[in-house]
Amino acid sequence: MPSSQTYAVVGAARLFALLAIGGPIVWLHQEQGLLALAAVSCVWVYQGVTATRRDLELSLSPMTEAAAIGVICALAMEDAPVILAALVVPPLYATAVAGVRTMFRTVLVELIAVVALGLMWWETITTDQAIAIFTWAMAGLGLSLIAAVTFSSDRVADPLAPYRDAQEHLRQLIDLAGSLSSGLDVGALGGELLSQVSDDIPNRALVLYVPRGDALAPVASTVELATADSVATETLAGDVRLQEAGSSKPIEIGEGFAFRVSDQAIVAGLRPAGADTSRSLPLSAVARDLSDTAVKLDAALLFAQFRDAATADERNRLAREMHDGVAQDIASLGYIIDALAARPADEAQAKALGMLRDRVSKVVAEVRQSVMNLRTSIGENESLGAAISNVARHLSESSGIPIRVRLDEQPTRLRPEVEAELFRIAQEAINNAVKHARATSIDVRCQVYAPEAIITVTDDGVGLQAARADSHGLKIMRERARLIGAELVVRDNASRGLTVSVALKTPRSAVGSDDSTILTEQR
């Protein structure tokens, strides 16, 4: 962003140009020249006001200013040739705000404007006028090249520019959100895309993959694949992903095929045995037909990434506030209680202070646990099951309750937003079992066969109790499950205790339906 000194230099150049042009015009009483001078003054005063107030989005662009000055000069050069001196200033302004490349374009624009309109208006340009036009345009070019060194060293970065850009983009996103006919549901859009592929390509299985770190995560599939078929489609999609940047060459090997439908999405599939491929469209043509749906899918994926980043930032902010604020304040109360307990007035007061100290210690422990929960997330290289195991280990160590975790995972990862919601549901279920169930043991089972998953949390505690008025855990878990199309089930066990399960399933009744999850959830 140009500095105030840069705008001062451009403003001074405009002022001196007006004085140099206005002196001869006033001395010679050139009426047409006075009108032209007034028009040039209006343009430059407007530019100066918007620059001074930093409302730069209201300023004319360098080339627009150059075109305006060129038009004014063309109309007035017959009666007041001195007006052509105004051609010096637009290139200087262009250099100041946009750089040398824009300056060259500005010189070209003002030359075209003055020459073209001059020929149309006056039907001819005299030799003296042509020389004057060339002289003043080249003077502006030369001065601008000299000033470019000063302007480039004088430019200062605007530290708030990224925030202003973010504000503008977020406003646009909010305005556009209501007009998105298909919404931003990745699973639904992935299912729609696979349905379109099925209309054009005979197949017995289709899977839509998106990048997840160094691997690929399935977004939607048409059928439940056997292990061998799942490996085959993922390998084909991986081969497409490894192609050179800009390449979109489909891959066909035997019954298998894969092709890229967008920058982020790859479709892989298997044809029926002995299928006649001569009647189906070429894969490249199918990819072109999917361009509209692919744009929607990419938008949904980018929105999911943005939402995850914003959520992570907010969770970290809340964790910092709790750790540095509430936790420290409560700990300070504990120190005051310790001081009072050192000199109790009587035995009853000592007993009360001891109970109060125990309660404060429990609150501090709960706050610290909440901070840990907020900060805990699934890493790029850590699986969902590994993240749940870490949470269970920490809770078991802090509570003394045995927590057994059984994992059954395939290497293929779920989408990041799906993993994040499943992780938070499992975390809340385990936390509830530790805090409220009065359980002596907790069992956690995590099964992940992307794009499906089932997580179950079972305890041997008191079972489902009446919800407290200030308790929102179960409601939040249901909302999380609903966000990813999962099913949450909470039920009392036949003997004792509670089982919470959340399941993410791919419906088989419709091609490419969205994933839904069944996860066992606790309170």
# chains A, B, ... in the order shown; residues from 1 in each chain; ligands from 1
call {"tool": "residues_around", "arguments": {"residues": "Ile72 in chain A", "least_positions_apart": "4", "cutoff": "10 Å", "atoms": "only C-alpha atoms", "output": "VMD selection string"}}
result
chain A and resid 33 35 to 37 39 to 40 67 to 68 76 to 77 83 to 84 86 113 to 114 117 to 118
call {"tool": "closest_atom_pairs", "arguments": {"of": "range 188-246 of chain A", "to": "range 416-433 of chain A", "cutoff": "12 Å", "atoms": "only C-alpha atoms", "output": "tab-separated table"}}
result
residue	atom	partner	partner_atom	distance
A:Val210	CA	A:Pro416	CA	10.5
A:Pro211	CA	A:Pro416	CA	10.1
A:Arg212	CA	A:Pro416	CA	7.5
A:Gly213	CA	A:Pro416	CA	9.8
A:Ala215	CA	A:Pro416	CA	11.9
A:Leu216	CA	A:Pro416	CA	11.1
A:Ala217	CA	A:Pro416	CA	8.8
A:Pro218	CA	A:Pro416	CA	11.0
A:Val219	CA	A:Val418	CA	9.9
call {"tool": "residues_around", "arguments": {"residues": "Gly99 in chain A", "least_positions_apart": "5", "cutoff": "10 Å", "atoms": "only C-alpha atoms", "output": "PyMOL selection string"}}
result
chain A and resi 91-94+104+144-145+148+151-152
call {"tool": "write_last_selection", "arguments": {"atoms": "C-alpha atoms", "output": "CSV table (one decimal), in the first residue's frame"}}
result
chain,number,residue,atom,x,y,z
A,91,PRO,CA,1.6,7.7,-15.6
A,92,LEU,CA,3.0,9.1,-12.4
A,93,TYR,CA,-0.1,8.2,-10.5
A,94,ALA,CA,-0.1,4.7,-12.0
A,104,PHE,CA,3.1,1.5,-19.4
A,144,SER,CA,7.5,8.0,-13.9
A,145,LEU,CA,10.4,5.6,-14.5
A,148,ALA,CA,9.5,4.3,-9.7
A,151,PHE,CA,7.9,4.8,-4.9
A,152,SER,CA,9.0,1.2,-4.7
call {"tool": "closest_residue", "arguments": {"among": "A:Cys42, A:Val186, A:Ala258, A:Leu15", "to": "Ala300 in chain A", "atoms": "only C-alpha atoms"}}
result
A:Val186
call {"tool": "atom_distance", "arguments": {"atom1": "CA of Leu302 in chain A", "atom2": "CA of Asp185 in chain A"}}
result
11.2 Å
call {"tool": "closest_residue", "arguments": {"among": "A:Leu356, A:Ala96, A:Leu270, A:Val45", "to": "Tyr7 in chain A", "atoms": "only C-alpha atoms"}}
result
A:Ala96
call {"tool": "select_by_dssp", "arguments": {"residues": "range 225-474 of chain A", "states": "strand (DSSP E)", "output": "MDAnalysis selection string"}}
result
chainID A and resid 251:253 256:260 266:270 403:409 442:449 452:459
call {"tool": "atom_distance", "arguments": {"atom1": "CA of Arg241 in chain A", "atom2": "CA of Gln305 in chain A"}}
result
19.6 Å
call {"tool": "atom_distance", "arguments": {"atom1": "CA of Val207 in chain A", "atom2": "CA of Ala268 in chain A"}}
result
5.4 Å
call {"tool": "residues_around", "arguments": {"residues": "Gln47 in chain A", "least_positions_apart": "6", "cutoff": "9 Å", "atoms": "only C-alpha atoms", "output": "VMD selection string"}}
result
chain A and resid 56 58 to 60 65
call {"tool": "write_last_selection", "arguments": {"atoms": "N, CA and C atoms", "output": "PDB file, in the first residue's frame"}}
result
ATOM      1  N   LEU A  56      -9.926   4.244  -0.961  1.00  0.00           N
ATOM      2  CA  LEU A  56      -9.293   3.997  -2.249  1.00  0.00           C
ATOM      3  C   LEU A  56     -10.186   3.209  -3.198  1.00  0.00           C
ATOM      4  N   LEU A  58     -13.014   3.974  -3.913  1.00  0.00           N
ATOM      5  CA  LEU A  58     -13.796   4.976  -4.642  1.00  0.00           C
ATOM      6  C   LEU A  58     -12.965   5.710  -5.681  1.00  0.00           C
ATOM      7  N   SER A  59     -11.638   5.602  -5.597  1.00  0.00           N
ATOM      8  CA  SER A  59     -10.768   6.306  -6.539  1.00  0.00           C
ATOM      9  C   SER A  59     -10.870   5.685  -7.925  1.00  0.00           C
ATOM     10  N   LEU A  60     -10.673   6.523  -8.944  1.00  0.00           N
ATOM     11  CA  LEU A  60     -10.596   6.015 -10.308  1.00  0.00           C
ATOM     12  C   LEU A  60      -9.312   5.221 -10.473  1.00  0.00           C
ATOM     13  N   GLU A  65      -8.386   7.076 -15.090  1.00  0.00           N
ATOM     14  CA  GLU A  65      -7.955   8.489 -15.051  1.00  0.00           C
ATOM     15  C   GLU A  65      -7.243   8.877 -16.340  1.00  0.00           C
TER      16      GLU A  65
END
call {"tool": "residues_around", "arguments": {"residues": "range 490-499 of chain A", "least_positions_apart": "3", "cutoff": "10 Å", "atoms": "only C-alpha atoms", "output": "PyMOL selection string"}}
result
chain A and resi 429+433+437-439+441-444+456-465+474+502+519-523
call {"tool": "select_by_dssp", "arguments": {"residues": "range 161-343 of chain A", "states": "helix (DSSP H, G or I)", "output": "PyMOL selection string"}}
result
chain A and resi 161-177+186-200+227-241+277-279+283-289+291-341
